[in-house]
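Here is the structure we will look at, set down as structure tokens.
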Amino acid sequence: ELDSTLRDVAEIVGASDAREVEVHWELASPVAALFCDPHDIRQAFRNVIQNAIDASFNGGNVWVVTRCEQAVAVVEIRDEGPGIDPDDLGRIFTPFFSTKAVGSGMGIGLTIAQKAAENAKGKLQVTSTKGAGTIFKFVFPLAAET
């Protein structure tokens, strides 16, 4: 169950330093069920949400939004951070690629998230505007549709 899974993730993510980042949970898919490994998908959501928090400025916001559109469930994770450099966008899902400072990450979180989405017959998309934030969008077929 999508929203229930994200509620579980909400209990374990948070700002990893003294910065104030508010996470807005707009969970609007209470009956959406995915055909996936629950552990893997929790880890995928956690990785992307934590990245959004880490990318946010002090006083920034992150939104986690769910919705159903026809036969798919959508999870959007949006931040107000600095965005991803266009030169890096094509590499962010590459194992061990990271734009974080040395020692702040291993560069495998987005690779794991993308693989978990694919294993659930879904996909993970990204759009980013330098200076205006990033949106990661998971799109999954609903369990009844798989």
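Each chain of the structure tokens is named A, B, ... in the order shown, its residues numbered from 1; ligands are numbered from 1 in display order.
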- [ ] Using only C-alpha atoms, determine which residues lie at most 10 Å from Asn119 of chain A, disregarding the query and same-chain residues fewer than 4 positions distant; provide the list as a PyMOL selection string.
- [x] chain A and resi 35-37+40-41+113-115+123
Open item on the list: as a PyMOL selection string, please: every residue in chain A that a backbone DSSP assignment puts in strand (DSSP E or B).
Closed with: chain A and resi 21-27+34+60-69+72-79+123-129+133-142
Dump as a short mmCIF file (atom, residue, chain, number, x, y, z; two decimals), in the first residue's frame, selection limited to C-alpha atoms:
data_model
loop_
_atom_site.label_atom_id
_atom_site.label_comp_id
_atom_site.auth_asym_id
_atom_site.auth_seq_id
_atom_site.Cartn_x
_atom_site.Cartn_y
_atom_site.Cartn_z
CA VAL A 21 13.81 21.65 6.19
CA GLU A 22 10.08 21.06 6.26
CA VAL A 23 8.72 17.95 4.55
CA HIS A 24 5.12 18.21 3.36
CA TRP A 25 3.36 14.86 3.03
CA GLU A 26 0.42 15.03 0.60
CA LEU A 27 -0.61 11.39 0.49
CA LEU A 34 1.92 -1.79 -5.88
CA GLY A 60 13.52 25.01 2.54
CA ASN A 61 10.66 22.71 1.71
CA VAL A 62 10.31 19.22 0.30
CA TRP A 63 7.00 17.83 -0.94
CA VAL A 64 6.09 14.15 -1.14
CA VAL A 65 2.90 13.79 -3.15
CA THR A 66 0.98 10.68 -4.20
CA ARG A 67 -1.83 10.39 -6.69
CA CYS A 68 -3.41 7.87 -9.01
CA GLU A 69 -3.76 8.61 -12.70
CA VAL A 72 -0.78 4.10 -12.48
CA ALA A 73 0.29 5.39 -9.11
CA VAL A 74 2.56 8.44 -9.03
CA VAL A 75 4.90 9.56 -6.28
CA GLU A 76 6.50 12.97 -6.75
CA ILE A 77 9.31 14.17 -4.53
CA ARG A 78 10.02 17.85 -5.09
CA ASP A 79 12.56 20.14 -3.48
CA LYS A 123 10.11 3.99 -13.70
CA LEU A 124 11.88 6.85 -12.00
CA GLN A 125 12.08 10.15 -13.87
CA VAL A 126 13.78 13.41 -12.99
CA THR A 127 13.36 17.02 -14.04
CA SER A 128 15.50 19.77 -12.65
CA THR A 129 16.00 23.46 -13.17
CA GLY A 133 14.81 22.68 -7.52
CA THR A 134 14.29 19.13 -8.65
CA ILE A 135 11.36 16.75 -9.08
CA PHE A 136 11.79 12.99 -8.93
CA LYS A 137 8.73 11.15 -10.18
CA PHE A 138 8.08 7.45 -9.60
CA VAL A 139 5.40 5.97 -11.85
CA PHE A 140 4.10 2.48 -11.06
CA PRO A 141 1.37 0.30 -12.52
CA LEU A 142 -1.23 -0.41 -9.86
#
- [ ] Tell me which protein, DNA and RNA residues are within 10 Å of Gly14 of chain A, counting only C-alpha atoms, leaving out same-chain ones fewer than 5 positions away, and put them as a list in words.
- [x] Val9, Glu20, Val21, Glu22, Val23, Arg46, Ile49, Gln50, Ile53 and Asp54 of chain A
Please produce a file of those selected residues containing N, CA and C atoms, as a compact mmCIF listing (two decimals), in the first residue's frame.
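Written output follows (again19.txt):
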# COMPACT_ATOMS: atom_id res chain seq x y z
N VAL A 9 8.22 5.48 5.85
CA VAL A 9 9.43 6.20 5.48
C VAL A 9 9.49 7.54 6.21
N GLU A 20 17.00 23.61 8.93
CA GLU A 20 15.56 23.42 9.07
C GLU A 20 14.98 23.18 7.68
N VAL A 21 14.47 21.99 7.45
CA VAL A 21 13.81 21.65 6.19
C VAL A 21 12.47 21.03 6.55
N GLU A 22 11.41 21.58 5.98
CA GLU A 22 10.08 21.06 6.26
C GLU A 22 9.66 20.12 5.14
N VAL A 23 9.22 18.93 5.52
CA VAL A 23 8.72 17.95 4.55
C VAL A 23 7.20 17.95 4.61
N ARG A 46 13.06 6.29 0.53
CA ARG A 46 13.92 6.90 1.55
C ARG A 46 15.11 7.58 0.91
N ILE A 49 13.91 10.81 -1.00
CA ILE A 49 13.44 11.84 -0.07
C ILE A 49 14.61 12.41 0.72
N GLN A 50 15.50 11.55 1.19
CA GLN A 50 16.67 12.04 1.94
C GLN A 50 17.54 12.92 1.06
N ILE A 53 15.95 16.31 0.89
CA ILE A 53 16.19 17.03 2.15
C ILE A 53 17.62 17.56 2.18
N ASP A 54 18.56 16.70 1.83
CA ASP A 54 19.98 17.08 1.85
C ASP A 54 20.27 18.21 0.87
- [ ] Enter the distance from atom CA of Ser4 of chain A to atom CA of Ala55 of chain A, in Å, rounded to one decimal.
- [x] 25.1 Å
Task: Backbone-only DSSP, helix (DSSP H, G or I) members of segment 38-142 of chain A, as a ChimeraX atom specification - done: /A:38-55,86-89,109-119
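By chain and then residue number, the residues within 9 Å of Ile112 of chain A are Asp40, Gln43, Ala44, Asn47, Phe93, Pro95, Ile108, Gly109, Lys115, Ala116 and Ala117 of chain A, counting only C-alpha atoms and disregarding those fewer than 3 positions away in sequence.
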Just write the chosen residues, N, CA, C and O atoms, as a PDB file, in the first residue's frame.
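This went into out35.pdb:
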ATOM      1  N   ASP A  40      12.490  -3.020  -0.695  1.00  0.00           N
ATOM      2  CA  ASP A  40      13.182  -2.313  -1.768  1.00  0.00           C
ATOM      3  C   ASP A  40      12.530  -0.964  -2.060  1.00  0.00           C
ATOM      4  O   ASP A  40      13.222   0.040  -2.256  1.00  0.00           O
ATOM      5  N   GLN A  43      13.217   1.572   0.651  1.00  0.00           N
ATOM      6  CA  GLN A  43      14.591   2.065   0.513  1.00  0.00           C
ATOM      7  C   GLN A  43      14.682   3.068  -0.633  1.00  0.00           C
ATOM      8  O   GLN A  43      15.338   4.099  -0.505  1.00  0.00           O
ATOM      9  N   ALA A  44      14.001   2.798  -1.734  1.00  0.00           N
ATOM     10  CA  ALA A  44      14.006   3.724  -2.878  1.00  0.00           C
ATOM     11  C   ALA A  44      13.424   5.073  -2.479  1.00  0.00           C
ATOM     12  O   ALA A  44      14.020   6.125  -2.746  1.00  0.00           O
ATOM     13  N   ASN A  47      15.763   6.911  -0.039  1.00  0.00           N
ATOM     14  CA  ASN A  47      16.943   7.483  -0.694  1.00  0.00           C
ATOM     15  C   ASN A  47      16.609   8.801  -1.396  1.00  0.00           C
ATOM     16  O   ASN A  47      17.333   9.791  -1.250  1.00  0.00           O
ATOM     17  N   PHE A  93      22.034   8.478 -12.197  1.00  0.00           N
ATOM     18  CA  PHE A  93      21.656   7.102 -11.870  1.00  0.00           C
ATOM     19  C   PHE A  93      22.827   6.133 -12.027  1.00  0.00           C
ATOM     20  O   PHE A  93      22.676   4.936 -11.824  1.00  0.00           O
ATOM     21  N   PRO A  95      26.029   4.174 -10.936  1.00  0.00           N
ATOM     22  CA  PRO A  95      26.562   3.781  -9.625  1.00  0.00           C
ATOM     23  C   PRO A  95      27.823   4.562  -9.265  1.00  0.00           C
ATOM     24  O   PRO A  95      28.710   4.768 -10.099  1.00  0.00           O
ATOM     25  N   ILE A 108      25.155   5.695  -4.516  1.00  0.00           N
ATOM     26  CA  ILE A 108      24.385   4.526  -4.965  1.00  0.00           C
ATOM     27  C   ILE A 108      22.893   4.641  -4.675  1.00  0.00           C
ATOM     28  O   ILE A 108      22.106   3.822  -5.124  1.00  0.00           O
ATOM     29  N   GLY A 109      22.485   5.677  -3.945  1.00  0.00           N
ATOM     30  CA  GLY A 109      21.079   5.818  -3.557  1.00  0.00           C
ATOM     31  C   GLY A 109      20.137   5.920  -4.750  1.00  0.00           C
ATOM     32  O   GLY A 109      19.097   5.255  -4.780  1.00  0.00           O
ATOM     33  N   LYS A 115      16.535   1.047  -9.744  1.00  0.00           N
ATOM     34  CA  LYS A 115      16.403  -0.411  -9.879  1.00  0.00           C
ATOM     35  C   LYS A 115      15.138  -0.907  -9.171  1.00  0.00           C
ATOM     36  O   LYS A 115      14.425  -1.766  -9.695  1.00  0.00           O
ATOM     37  N   ALA A 116      14.838  -0.372  -8.001  1.00  0.00           N
ATOM     38  CA  ALA A 116      13.627  -0.766  -7.279  1.00  0.00           C
ATOM     39  C   ALA A 116      12.381  -0.401  -8.083  1.00  0.00           C
ATOM     40  O   ALA A 116      11.430  -1.186  -8.150  1.00  0.00           O
ATOM     41  N   ALA A 117      12.380   0.774  -8.695  1.00  0.00           N
ATOM     42  CA  ALA A 117      11.246   1.176  -9.537  1.00  0.00           C
ATOM     43  C   ALA A 117      11.090   0.211 -10.709  1.00  0.00           C
ATOM     44  O   ALA A 117       9.974  -0.239 -11.011  1.00  0.00           O
TER      45      ALA A 117
END
Task: Long-range neighbours of Pro30 of chain A as a list in words, 9 Å cut-off, only C-alpha atoms, 5 positions minimum in chain - done: Glu1, Leu2, Asp3 and Ser4 of chain A
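Distance-wise, atom CA of Ala120 of chain A and atom CA of Phe96 of chain A end up 22.7 Å apart.
Ranking A:Thr99, A:Val48, A:Pro82, A:Arg7 by their shortest atom-to-atom distance to Ala28 of chain A, with only C-alpha atoms included, puts A:Arg7 first.
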